[in-house]
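See below for coords_22.csv, which holds CSV, C-alpha atoms.
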```csv
chain,number,residue,atom,x,y,z
A,1,MET,CA,24.6,-1.3,-76.4
A,2,LEU,CA,25.2,1.8,-74.3
A,3,TRP,CA,22.7,2.8,-71.6
A,4,LEU,CA,22.6,6.3,-70.3
A,5,SER,CA,20.7,7.0,-67.1
A,6,VAL,CA,20.0,10.5,-65.7
A,7,ALA,CA,19.0,11.0,-62.1
A,8,LEU,CA,17.3,14.2,-60.9
A,9,VAL,CA,17.9,14.9,-57.3
A,10,LEU,CA,15.9,17.6,-55.5
A,11,ARG,CA,17.7,18.9,-52.5
A,12,ALA,CA,15.5,20.5,-49.8
A,13,ALA,CA,16.7,22.9,-47.2
A,14,PRO,CA,17.1,21.3,-43.8
A,15,ILE,CA,14.2,21.9,-41.4
A,16,PRO,CA,15.3,23.9,-38.4
A,17,LEU,CA,14.3,21.9,-35.3
A,18,GLU,CA,13.9,23.7,-32.0
A,19,VAL,CA,12.4,22.4,-28.8
A,20,PRO,CA,9.7,24.9,-27.7
A,21,PRO,CA,10.4,26.4,-24.2
A,22,ALA,CA,8.6,24.9,-21.2
A,23,LYS,CA,8.9,25.0,-17.5
A,24,ALA,CA,11.8,22.7,-16.4
A,25,VAL,CA,11.6,20.9,-13.1
A,26,SER,CA,13.7,18.4,-11.3
A,27,LEU,CA,12.4,15.0,-10.2
A,28,GLU,CA,12.0,16.1,-6.6
A,29,GLU,CA,10.1,19.2,-7.8
A,30,ALA,CA,7.8,17.2,-10.1
A,31,LEU,CA,7.0,14.7,-7.2
A,32,ALA,CA,6.3,17.6,-4.8
A,33,LEU,CA,4.0,19.3,-7.4
A,34,ALA,CA,2.1,16.0,-8.1
A,35,ARG,CA,1.6,15.4,-4.3
A,36,ALA,CA,0.3,18.9,-3.8
A,37,GLN,CA,-2.1,19.3,-6.8
A,38,HIS,CA,-2.9,16.1,-8.5
A,39,PRO,CA,-6.7,15.5,-8.5
A,40,ALA,CA,-6.5,11.8,-7.8
A,41,LEU,CA,-4.4,12.3,-4.7
A,42,GLU,CA,-6.6,15.1,-3.5
A,43,ALA,CA,-9.7,12.9,-4.0
A,44,SER,CA,-8.1,10.1,-1.9
A,45,ARG,CA,-7.3,12.6,0.9
A,46,GLN,CA,-11.0,13.7,0.9
A,47,ARG,CA,-12.1,10.1,1.1
A,48,VAL,CA,-9.8,9.5,4.1
A,49,ALA,CA,-11.2,12.7,5.8
A,50,ALA,CA,-14.8,11.5,5.2
A,51,ALA,CA,-14.0,8.1,6.6
A,52,GLN,CA,-12.4,9.6,9.7
A,53,ALA,CA,-15.4,11.9,10.1
A,54,GLU,CA,-17.6,8.8,10.1
A,55,VAL,CA,-15.5,7.3,12.9
A,56,ASP,CA,-16.0,10.6,14.9
A,57,ALA,CA,-19.7,10.5,14.2
A,58,VAL,CA,-20.1,7.0,15.5
A,59,SER,CA,-18.0,7.9,18.6
A,60,ALA,CA,-20.3,10.9,19.2
A,61,LEU,CA,-23.3,8.6,19.7
A,62,TRP,CA,-22.0,7.9,23.2
A,63,LEU,CA,-22.1,11.6,24.2
A,64,PRO,CA,-25.1,12.9,26.2
A,65,THR,CA,-27.6,15.1,24.4
A,66,ALA,CA,-29.7,17.8,25.9
A,67,GLY,CA,-33.0,19.3,24.6
A,68,LEU,CA,-35.4,22.2,25.3
A,69,ALA,CA,-38.9,22.6,24.0
A,70,ALA,CA,-41.6,25.2,24.6
A,71,GLU,CA,-45.1,25.0,23.2
A,72,LEU,CA,-48.3,27.1,23.2
A,73,VAL,CA,-51.3,25.5,21.5
A,74,GLY,CA,-54.8,26.8,21.1
A,75,ALA,CA,-57.5,24.4,19.9
A,76,THR,CA,-61.0,23.1,20.6
A,77,ALA,CA,-60.0,20.2,22.6
A,78,ASN,CA,-62.9,20.0,25.1
A,79,ASN,CA,-63.2,16.9,27.2
A,80,SER,CA,-60.0,15.4,25.8
A,81,THR,CA,-56.3,15.3,26.6
A,82,ALA,CA,-54.3,18.4,26.0
A,83,THR,CA,-52.8,18.8,22.5
A,84,VAL,CA,-49.0,18.3,22.6
A,85,LEU,CA,-46.8,18.6,19.5
A,86,SER,CA,-44.2,15.9,19.2
A,87,THR,CA,-40.5,16.9,19.2
A,88,SER,CA,-37.2,15.0,18.9
A,89,ALA,CA,-35.5,17.2,21.4
A,90,VAL,CA,-37.1,15.8,24.5
A,91,ASP,CA,-39.5,13.1,25.5
A,92,LEU,CA,-43.0,14.3,26.4
A,93,PRO,CA,-44.8,12.0,28.8
A,94,ARG,CA,-47.1,14.8,30.1
A,95,ILE,CA,-50.8,14.3,29.7
A,96,GLY,CA,-53.2,17.1,30.5
A,97,SER,CA,-56.9,17.9,29.8
A,98,THR,CA,-59.2,20.8,29.3
A,99,LYS,CA,-62.1,21.5,31.6
A,100,VAL,CA,-65.1,19.2,31.5
A,101,THR,CA,-68.5,20.8,30.5
A,102,ALA,CA,-72.0,19.4,30.2
A,103,THR,CA,-72.6,21.0,26.8
A,104,PRO,CA,-70.2,21.0,23.8
A,105,ASP,CA,-68.2,24.2,23.6
A,106,PHE,CA,-66.2,24.9,20.5
A,107,ALA,CA,-64.3,27.9,21.9
A,108,PRO,CA,-60.5,27.5,21.6
A,109,SER,CA,-58.7,26.2,24.7
A,110,ALA,CA,-55.1,27.1,25.3
A,111,THR,CA,-52.5,24.6,26.5
A,112,SER,CA,-48.8,25.3,27.2
A,113,LEU,CA,-45.7,23.3,27.7
A,114,VAL,CA,-42.1,23.8,28.7
A,115,ALA,CA,-39.7,20.8,28.9
A,116,VAL,CA,-36.0,20.2,29.3
A,117,GLY,CA,-34.5,16.7,28.7
A,118,LEU,CA,-31.1,15.0,28.9
A,119,ARG,CA,-30.4,11.7,27.2
A,120,GLN,CA,-27.4,9.4,27.7
A,121,LEU,CA,-26.8,6.1,26.0
A,122,VAL,CA,-25.7,3.5,28.5
A,123,TRP,CA,-26.0,0.1,26.8
A,124,ASP,CA,-27.1,-0.9,23.4
A,125,PHE,CA,-26.0,-4.6,23.3
A,126,GLY,CA,-22.8,-3.8,21.3
A,127,ARG,CA,-24.5,-2.1,18.4
A,128,GLN,CA,-22.5,1.2,18.6
A,129,GLY,CA,-19.3,-0.6,19.3
A,130,ALA,CA,-19.7,-2.8,16.2
A,131,GLN,CA,-20.5,0.3,14.1
A,132,GLY,CA,-17.4,2.0,15.5
A,133,LYS,CA,-15.2,-1.0,14.5
A,134,VAL,CA,-16.7,-0.9,11.0
A,135,ALA,CA,-16.0,2.8,10.6
A,136,GLN,CA,-12.4,2.4,11.9
A,137,ALA,CA,-11.8,-0.5,9.4
A,138,GLN,CA,-13.2,1.6,6.6
A,139,ALA,CA,-11.0,4.5,7.6
A,140,ALA,CA,-7.9,2.2,7.6
A,141,ALA,CA,-8.9,0.9,4.2
A,142,GLU,CA,-9.2,4.4,2.8
A,143,GLN,CA,-5.9,5.3,4.3
A,144,ALA,CA,-4.3,2.3,2.6
A,145,ARG,CA,-6.0,3.1,-0.7
A,146,SER,CA,-4.6,6.7,-0.4
A,147,SER,CA,-1.1,5.4,0.2
A,148,ARG,CA,-1.4,3.2,-2.9
A,149,THR,CA,-2.6,6.1,-4.9
A,150,ALA,CA,0.4,8.2,-3.8
A,151,LEU,CA,2.8,5.3,-4.6
A,152,GLY,CA,1.3,4.9,-8.0
A,153,LEU,CA,1.5,8.7,-8.6
A,154,ASP,CA,5.2,8.7,-7.7
A,155,PHE,CA,5.8,5.9,-10.1
A,156,ASP,CA,3.9,7.6,-12.9
A,157,VAL,CA,5.7,10.9,-12.4
A,158,THR,CA,9.1,9.2,-12.1
A,159,ARG,CA,8.5,7.2,-15.3
A,160,ALA,CA,7.3,10.2,-17.2
A,161,PHE,CA,10.3,12.3,-16.0
A,162,GLN,CA,12.8,9.6,-17.1
A,163,ALA,CA,10.9,9.4,-20.5
A,164,VAL,CA,11.5,13.1,-21.1
A,165,LEU,CA,15.2,12.7,-20.3
A,166,ALA,CA,15.4,9.6,-22.6
A,167,ALA,CA,13.6,11.5,-25.4
A,168,ARG,CA,16.0,14.4,-25.2
A,169,ALA,CA,19.0,12.0,-25.3
A,170,VAL,CA,17.5,10.4,-28.4
A,171,LEU,CA,17.0,13.9,-30.0
A,172,GLU,CA,20.6,14.8,-29.2
A,173,ALA,CA,21.8,11.5,-30.8
A,174,SER,CA,19.6,12.1,-33.9
A,175,GLU,CA,21.1,15.6,-34.2
A,176,GLN,CA,24.6,14.1,-34.1
A,177,ALA,CA,23.7,11.5,-36.7
A,178,TYR,CA,22.2,14.2,-38.9
A,179,ALA,CA,25.5,16.2,-38.7
A,180,ARG,CA,27.5,13.1,-39.6
A,181,VAL,CA,25.4,12.2,-42.7
A,182,VAL,CA,25.5,15.9,-43.9
A,183,THR,CA,29.3,15.8,-43.7
A,184,HIS,CA,29.3,12.5,-45.6
A,185,ARG,CA,27.0,14.0,-48.2
A,186,ASP,CA,29.3,17.0,-48.6
A,187,PHE,CA,32.3,14.7,-49.1
A,188,ALA,CA,30.4,12.6,-51.6
A,189,LYS,CA,29.4,15.7,-53.6
A,190,VAL,CA,33.0,16.9,-53.7
A,191,ALA,CA,34.1,13.4,-54.9
A,192,VAL,CA,31.4,13.2,-57.5
A,193,ASP,CA,32.2,16.7,-58.8
A,194,ALA,CA,35.9,15.7,-59.1
A,195,GLN,CA,34.7,12.5,-60.9
A,196,LEU,CA,36.3,10.3,-58.2
A,197,ARG,CA,33.0,8.7,-57.3
A,198,PRO,CA,30.0,7.7,-59.4
A,199,PRO,CA,26.9,10.0,-59.1
A,200,ILE,CA,25.1,7.2,-57.3
A,201,GLU,CA,27.2,7.9,-54.2
A,202,PHE,CA,25.8,11.4,-53.9
A,203,THR,CA,22.3,10.1,-54.4
A,204,ARG,CA,22.8,7.6,-51.6
A,205,ALA,CA,24.2,10.3,-49.4
A,206,GLU,CA,21.2,12.5,-50.1
A,207,ALA,CA,18.9,9.6,-49.1
A,208,ASP,CA,20.8,9.2,-45.9
A,209,VAL,CA,20.3,12.9,-45.1
A,210,SER,CA,16.6,12.6,-45.7
A,211,ARG,CA,16.4,9.5,-43.5
A,212,ALA,CA,18.3,11.4,-40.7
A,213,GLU,CA,16.0,14.4,-41.1
A,214,LEU,CA,13.0,12.1,-40.6
A,215,GLY,CA,14.7,10.7,-37.5
A,216,ARG,CA,15.1,14.2,-36.1
A,217,LEU,CA,11.4,15.0,-36.7
A,218,ARG,CA,10.5,11.7,-34.9
A,219,ALA,CA,12.8,12.5,-32.0
A,220,LEU,CA,11.4,16.0,-31.6
A,221,SER,CA,7.8,14.7,-31.6
A,222,ALA,CA,8.8,12.1,-29.0
A,223,VAL,CA,10.2,14.9,-26.8
A,224,THR,CA,7.0,16.9,-27.1
A,225,ALA,CA,4.9,13.8,-26.3
A,226,ALA,CA,7.0,12.9,-23.3
A,227,ARG,CA,6.7,16.5,-21.9
A,228,LEU,CA,2.9,16.4,-22.4
A,229,GLN,CA,2.9,13.0,-20.5
A,230,LEU,CA,5.0,14.5,-17.7
A,231,ALA,CA,2.6,17.4,-17.3
A,232,ALA,CA,-0.4,15.1,-17.3
A,233,ALA,CA,1.3,12.9,-14.6
A,234,VAL,CA,2.0,15.9,-12.4
A,235,GLY,CA,-1.6,17.0,-12.8
A,236,GLY,CA,-1.1,20.8,-12.8
A,237,ALA,CA,-2.2,23.6,-15.1
A,238,ASP,CA,1.0,23.5,-17.2
A,239,LEU,CA,0.5,22.1,-20.7
A,240,GLN,CA,4.1,20.8,-20.9
A,241,LEU,CA,6.8,20.2,-18.4
A,242,ASP,CA,10.5,19.7,-19.2
A,243,ALA,CA,12.8,17.6,-17.2
A,244,ARG,CA,15.9,19.1,-15.6
A,245,GLY,CA,18.8,16.8,-14.8
A,246,ALA,CA,20.5,13.7,-16.3
A,247,LEU,CA,19.5,10.1,-16.8
A,248,ARG,CA,20.2,8.0,-13.7
A,249,PRO,CA,21.5,4.5,-14.0
A,250,PRO,CA,18.9,1.9,-13.1
A,251,GLU,CA,19.0,0.7,-9.5
A,252,PRO,CA,19.4,-3.0,-8.9
A,253,PRO,CA,16.1,-4.8,-8.3
A,254,PRO,CA,15.3,-5.7,-4.7
A,255,SER,CA,15.7,-9.3,-3.4
A,256,LEU,CA,12.7,-11.5,-3.0
A,257,GLU,CA,12.7,-11.1,0.8
A,258,GLN,CA,12.8,-7.3,0.4
A,259,ALA,CA,10.0,-7.3,-2.1
A,260,ARG,CA,7.9,-9.4,0.2
A,261,ALA,CA,8.6,-7.2,3.2
```
Starting from the coordinates I provided, produce the structure as structure tokens.
Amino acid sequence: MLWLSVALVLRAAPIPLEVPPAKAVSLEEALALARAQHPALEASRQRVAAAQAEVDAVSALWLPTAGLAAELVGATANNSTATVLSTSAVDLPRIGSTKVTATPDFAPSATSLVAVGLRQLVWDFGRQGAQGKVAQAQAAAEQARSSRTALGLDFDVTRAFQAVLAARAVLEASEQAYARVVTHRDFAKVAVDAQLRPPIEFTRAEADVSRAELGRLRALSAVTAARLQLAAAVGGADLQLDARGALRPPEPPPSLEQARA
């Protein structure tokens, strides 16, 4: 019994892959951009400034305060103490009175006042000192939190930068692999046309080309995703950022004593 099999192979033209242009930065430039414009780091700086302002506000409670008040009041205040409007600028211990009459008189009576005061906190049983220590501790905590934010930002930017370089290296390797399988496919076609190889060899070579083409597409999408991640880590207005440079060999990990220090 003779079996005859016919295989139909559809060859598609190779998809041209081009990495879209984007602003290229070095690692030092990416770190500088992130430190200058990242919203998280700017928010931490503002929190540090607010905590330091709180320290200054508590310290200012020990400074003397001066006040000036002037009043002119007209009211029917017969046979009573003079009307004085309260004010937080100065203390008003003054007590005056209108004229005394035998019969009620509802005519308005005017009263005036001019006062100057000076206040100085001398001793409050340690209350302001305790508030100052609390404010200083909060400022130190915000400064440490800001340093931690900056350190985490440097780590994220460095990791995203290295990811872009790694993705580009994978894309280059996939391009080389695609070129190799295309060459192998061409050799297989020549051998099949010369009846030196069975047709299945060419079919397998075509499958390898399709697989390599898929690898190129995945590598290109990985480059795009890595560049988007780098732009997000830097925190600027650029949609994508490309990495300029070469992959660096990993540094040896620190010793246990260095890590604890």
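Counting from CA of Gln131 in chain A, the distance to CA of Ala50 in chain A is 15.4 Å.
Residue nearest Ala141 in chain A, chosen from A:Arg260, A:Arg159, A:Arg47, A:Arg248 and counting only C-alpha atoms: A:Arg47.
Nearest to Val234 in chain A of all the residues A:Ser59, A:Thr158, A:Gln136, A:Ser112 is A:Thr158, based on all atoms listed in the file.
Shortest atom-to-atom contact with Gln138 in chain A among A:Val73, A:Val55, A:Val190, A:Ala60: A:Val55, counting all atoms listed in the file.
Going from CA of Ala107 in chain A over to CA of Ala70 in chain A, you cover 23.0 Å.
CA of Ala30 in chain A sits 8.9 Å away from CA of Ala231 in chain A.
Near Ala57 in chain A, within a cut-off of 12 Å and counting all atoms listed in the file, sit the residues Ala50, Ala51, Gln52, Ala53, Leu61, Trp62, Leu63, Gln128, Gln131, Gly132, Ala135 and Gln136 of chain A, with same-chain residues fewer than 4 positions away left out.
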Could you write those residues out with C-alpha atoms, as a PDB file, keeping the file's coordinate frame?
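The file below, selection23.pdb, is the result:
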```pdb
ATOM      1  CA  ALA A  50     -14.800  11.500   5.200  1.00  0.00           C
ATOM      2  CA  ALA A  51     -14.000   8.100   6.600  1.00  0.00           C
ATOM      3  CA  GLN A  52     -12.400   9.600   9.700  1.00  0.00           C
ATOM      4  CA  ALA A  53     -15.400  11.900  10.100  1.00  0.00           C
ATOM      5  CA  LEU A  61     -23.300   8.600  19.700  1.00  0.00           C
ATOM      6  CA  TRP A  62     -22.000   7.900  23.200  1.00  0.00           C
ATOM      7  CA  LEU A  63     -22.100  11.600  24.200  1.00  0.00           C
ATOM      8  CA  GLN A 128     -22.500   1.200  18.600  1.00  0.00           C
ATOM      9  CA  GLN A 131     -20.500   0.300  14.100  1.00  0.00           C
ATOM     10  CA  GLY A 132     -17.400   2.000  15.500  1.00  0.00           C
ATOM     11  CA  ALA A 135     -16.000   2.800  10.600  1.00  0.00           C
ATOM     12  CA  GLN A 136     -12.400   2.400  11.900  1.00  0.00           C
TER      13      GLN A 136
END
```
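Minimum atom-to-atom distance to Leu121 in chain A, evaluated using all atoms listed in the file, belongs to A:Thr65 out of A:Thr183, A:Arg227, A:Thr65, A:Pro198.
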Nearby residues (all atoms listed in the file) at most 8 Å from Leu27 in chain A, same-chain spacing under 5 positions excluded, as a PDB file with C-alpha atoms, in the coordinates of the input:
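That gives us result_11.pdb:
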```pdb
ATOM      1  CA  THR A 158       9.100   9.200 -12.100  1.00  0.00           C
ATOM      2  CA  PHE A 161      10.300  12.300 -16.000  1.00  0.00           C
ATOM      3  CA  ALA A 243      12.800  17.600 -17.200  1.00  0.00           C
ATOM      4  CA  ARG A 244      15.900  19.100 -15.600  1.00  0.00           C
TER       5      ARG A 244
END
```
Please provide as a ChimeraX atom specification all residues within 12 Å of Ala205 in chain A, with the sequence filter that same-chain residues fewer than 6 positions apart are discarded (counting all atoms listed in the file).
/A:9,11,178,180-192,197-199,211-212
If we count all atoms listed in the file, what is near Gly236 in chain A at a cut-off of 8 Å, once residues fewer than 4 positions away on the same chain are taken out, given as a PyMOL selection string?
chain A and resi 33-34+37-38+231-232
At a cut-off of 7 Å around the point (-33.7, 19.6, 25.7) (file coordinates), what residues fall inside when counting all atoms listed in the file? I'd like the answer as an MDAnalysis selection string.
chainID A and resid 66:69 89:90 115:118
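Between Val209 in chain A and the candidates A:Asp193, A:Ala32, A:Ala237, A:Ser174, the tightest atom-to-atom separation, counting only C-alpha atoms, involves A:Ser174.
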Skip Leu31 in chain A itself and residues of its chain fewer than 4 positions away, then list as a PyMOL selection string all residues within 7 Å of it, counting all atoms listed in the file.
chain A and resi 27+35+154+157
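With distances restricted to all atoms listed in the file, A:Pro64 is the closest residue to Gln120 in chain A from A:Pro64, A:Thr103, A:Leu85, A:Leu72.
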